[in-house]
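Heads up, the thing below is written out as structure tokens.
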Amino acid sequence: MSRQNWVSWLYVTPLMLVIVPFFLIPILVVLVASVLETDGFGGLIATFTLANYVDVLTSAQTFHLYLATLKFTVLTWFFTLIIGFLVAHFLVFHVKNQLLAISLFLICTVPFWTSNIIRMISWIPLLGKEGLVNSALLGTGLIREPLEVLLYSGLAVVIAYVHQLTIFMVVPIFNSMARIDKRVVEAAVDSGASRLDIMRLIIIPMSKSGIALGSIFVVSIVMGDFFVVKVMSGGGSASVVSAFYENVGVLQYPIAAASAVLLTVVLIVAISLILRTVDIRREITQ
């Protein structure tokens, strides 16, 4: 092996020391556990079987859980994209002072310095039957009785997710928009292009790498979470992750492992579809 190859291996060695024990080995353990039998008491029997995957794939509960998870994922992705795009667009194109824009951007990140759990629970006194939102609506006469749909519902789950994950859209879209040459926009304005045309033909296409990255963050986090769904729905909704969390709680490790592998495959497919819309490596290196 040439000296250059040795140097290349030395460069990637620190990364491999992290990836192998903390990423590859756990995945292999889950894969192996998913094709083993269980003795019903948390032990694994070294007998190859695909029954775990058959049970997961043929269960009506699996379909309903994925449908619920997909609903939360799509709604959260849509609202975080709209809010994140508008915030990033305002900071980049409407705040003329770059220092002020960066300062405002940093201010946007301040609420996210606190724990996700604290920020999620903070919605409970706001959305409860006697919370601030219902009190304000009752005080203005817009409603006659408190709205129960605000808390412990699918709406509350989406609100909590959007609150927690919007920053994951703002950051990559802001970075993408900041690299847009303002002279291109000015030239389009001088040519008589409308604001809609500028947005549709210039800003959105040139921000698609940030949109793709933000989408990957949001989709992977929502599909891999169960705590927000459990707390904010009051137990009225469930997710895919909550199902195999319950399986782990009753020592059904092979079924839980099979569910985890299936979810990983679904996430890989979803991320692959997102990446088909943009060449992330080429966009970032431009």
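Each chain in the structure tokens gets a letter, A, B and so on, in the order shown; residues start at 1 in every chain, and ligands are counted from 1 in the order they appear.
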Inset, instruction - Write out as JSON, numbers by chain which residues come within 12 Å of range 159-162 of chain A when counting only C-alpha atoms, dropping same-chain ones fewer than 2 positions away. - result: {"A": [72, 73, 74, 75, 76, 77, 78, 79, 80, 81, 82, 83, 84, 116, 117, 118, 119, 120, 121, 122, 123, 124, 126, 127, 149, 150, 151, 152, 153, 154, 155, 156, 157, 164, 165, 166, 167, 168, 169, 170, 218, 219, 221, 222, 223, 225, 226, 227, 228, 229, 230, 231, 232, 233]}
Legend entry - All residues 9 Å or closer to Gln252 in chain A, only C-alpha atoms, same chain fewer than 6 positions away omitted, as number ranges by chain: A: 38, 40-43, 244, 246
Inset, instruction - Kindly indicate which residue among A:Ile173, A:Ser115, A:Ile203, A:Gly214 lies nearest to Val185 in chain A, using only C-alpha atoms for the distances. - result: A:Ile203
Inset, instruction - From range 16-176 of chain A, collect each residue whose DSSP state is helix (DSSP H, G or I) and return the set as a VMD selection string. - result: chain A and resid 16 to 34 51 to 57 60 to 94 98 to 113 116 to 121 124 to 127 132 to 140 148 to 150 154 to 176
Generate a file of the selected residues that holds C-alpha atoms, formatted as a CSV table (one decimal), in the first residue's frame.
chain,number,residue,atom,x,y,z
A,16,MET,CA,-14.4,4.8,11.8
A,17,LEU,CA,-13.6,4.5,15.5
A,18,VAL,CA,-16.9,6.3,16.1
A,19,ILE,CA,-19.1,4.8,13.4
A,20,VAL,CA,-18.2,1.1,13.9
A,21,PRO,CA,-18.9,0.8,17.7
A,22,PHE,CA,-21.7,3.3,18.0
A,23,PHE,CA,-23.5,2.8,14.6
A,24,LEU,CA,-22.6,-0.3,12.7
A,25,ILE,CA,-22.4,-2.8,15.6
A,26,PRO,CA,-25.8,-1.7,17.2
A,27,ILE,CA,-27.5,-2.0,13.8
A,28,LEU,CA,-26.0,-5.5,13.3
A,29,VAL,CA,-27.2,-6.5,16.8
A,30,VAL,CA,-30.7,-5.3,16.0
A,31,LEU,CA,-30.6,-7.1,12.6
A,32,VAL,CA,-29.6,-10.4,14.3
A,33,ALA,CA,-32.1,-10.1,17.0
A,34,SER,CA,-34.9,-9.5,14.5
A,51,ALA,CA,-41.8,-15.0,11.7
A,52,ASN,CA,-41.1,-11.7,13.5
A,53,TYR,CA,-41.2,-9.8,10.1
A,54,VAL,CA,-44.3,-11.7,9.1
A,55,ASP,CA,-46.1,-10.7,12.3
A,56,VAL,CA,-45.1,-7.1,11.9
A,57,LEU,CA,-46.0,-6.8,8.2
A,60,ALA,CA,-53.3,-4.3,10.9
A,61,GLN,CA,-51.9,-2.3,13.8
A,62,THR,CA,-48.7,-1.7,11.9
A,63,PHE,CA,-50.7,-0.2,9.0
A,64,HIS,CA,-52.6,2.1,11.3
A,65,LEU,CA,-49.5,3.1,13.2
A,66,TYR,CA,-47.6,4.0,10.0
A,67,LEU,CA,-50.6,5.9,8.8
A,68,ALA,CA,-50.7,8.0,12.0
A,69,THR,CA,-47.0,8.5,11.9
A,70,LEU,CA,-47.1,9.6,8.3
A,71,LYS,CA,-49.9,12.0,9.1
A,72,PHE,CA,-47.9,13.7,11.8
A,73,THR,CA,-44.8,13.7,9.6
A,74,VAL,CA,-46.4,15.3,6.6
A,75,LEU,CA,-48.2,18.0,8.6
A,76,THR,CA,-45.1,18.8,10.7
A,77,TRP,CA,-43.0,18.9,7.5
A,78,PHE,CA,-45.5,21.2,5.8
A,79,PHE,CA,-45.8,23.8,8.6
A,80,THR,CA,-42.1,23.8,9.5
A,81,LEU,CA,-41.3,24.3,5.8
A,82,ILE,CA,-43.7,27.3,5.4
A,83,ILE,CA,-42.5,28.9,8.7
A,84,GLY,CA,-38.8,28.1,8.2
A,85,PHE,CA,-38.9,29.4,4.6
A,86,LEU,CA,-40.6,32.7,5.5
A,87,VAL,CA,-38.3,33.3,8.4
A,88,ALA,CA,-35.2,32.6,6.4
A,89,HIS,CA,-36.5,34.7,3.4
A,90,PHE,CA,-37.2,37.7,5.8
A,91,LEU,CA,-33.7,37.5,7.4
A,92,VAL,CA,-31.9,37.2,4.0
A,93,PHE,CA,-33.8,39.5,1.7
A,94,HIS,CA,-35.6,42.0,4.0
A,98,GLN,CA,-26.0,41.6,7.5
A,99,LEU,CA,-24.9,41.9,11.1
A,100,LEU,CA,-28.5,42.5,12.2
A,101,ALA,CA,-29.7,39.5,10.1
A,102,ILE,CA,-27.2,37.2,11.8
A,103,SER,CA,-28.2,38.6,15.2
A,104,LEU,CA,-31.9,38.0,14.5
A,105,PHE,CA,-31.0,34.5,13.3
A,106,LEU,CA,-29.2,33.8,16.6
A,107,ILE,CA,-32.2,35.1,18.5
A,108,CYS,CA,-34.4,32.6,16.7
A,109,THR,CA,-32.2,29.8,18.2
A,110,VAL,CA,-32.5,31.0,21.8
A,111,PRO,CA,-35.7,29.1,22.7
A,112,PHE,CA,-34.1,25.9,21.4
A,113,TRP,CA,-31.3,26.1,24.0
A,116,ASN,CA,-37.3,19.7,24.2
A,117,ILE,CA,-39.4,18.3,27.1
A,118,ILE,CA,-39.7,21.7,28.8
A,119,ARG,CA,-40.7,23.4,25.5
A,120,MET,CA,-43.2,20.7,24.8
A,121,ILE,CA,-44.8,20.8,28.3
A,124,ILE,CA,-50.1,22.4,28.2
A,125,PRO,CA,-51.0,25.5,30.3
A,126,LEU,CA,-51.5,27.3,27.0
A,127,LEU,CA,-53.8,24.8,25.3
A,132,LEU,CA,-54.5,31.0,28.1
A,133,VAL,CA,-55.8,30.3,24.6
A,134,ASN,CA,-59.3,29.1,25.7
A,135,SER,CA,-59.5,31.9,28.3
A,136,ALA,CA,-58.7,34.5,25.6
A,137,LEU,CA,-61.3,33.0,23.2
A,138,LEU,CA,-63.9,32.9,25.9
A,139,GLY,CA,-63.1,36.4,27.0
A,140,THR,CA,-63.6,37.8,23.5
A,148,GLU,CA,-61.1,20.4,24.0
A,149,VAL,CA,-59.4,19.8,20.6
A,150,LEU,CA,-56.5,22.1,21.5
A,154,GLY,CA,-53.5,15.3,17.1
A,155,LEU,CA,-53.5,19.1,16.8
A,156,ALA,CA,-51.5,19.4,20.0
A,157,VAL,CA,-49.0,16.8,18.7
A,158,VAL,CA,-48.5,18.8,15.5
A,159,ILE,CA,-48.2,22.1,17.4
A,160,ALA,CA,-45.5,20.6,19.7
A,161,TYR,CA,-43.6,19.1,16.7
A,162,VAL,CA,-43.7,22.4,14.7
A,163,HIS,CA,-42.5,24.3,17.8
A,164,GLN,CA,-39.6,21.9,18.3
A,165,LEU,CA,-38.5,21.3,14.8
A,166,THR,CA,-38.9,24.6,12.9
A,167,ILE,CA,-35.3,25.6,13.7
A,168,PHE,CA,-34.2,22.5,11.7
A,169,MET,CA,-35.8,24.1,8.7
A,170,VAL,CA,-34.7,27.7,9.4
A,171,VAL,CA,-31.0,26.9,9.6
A,172,PRO,CA,-30.4,25.0,6.3
A,173,ILE,CA,-32.7,27.2,4.3
A,174,PHE,CA,-31.1,30.4,5.7
A,175,ASN,CA,-27.7,29.1,4.8
A,176,SER,CA,-28.9,28.3,1.2
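One distance worth recording is that between CA of Tyr253 in chain A and CA of Glu37 in chain A, which is 9.1 Å.
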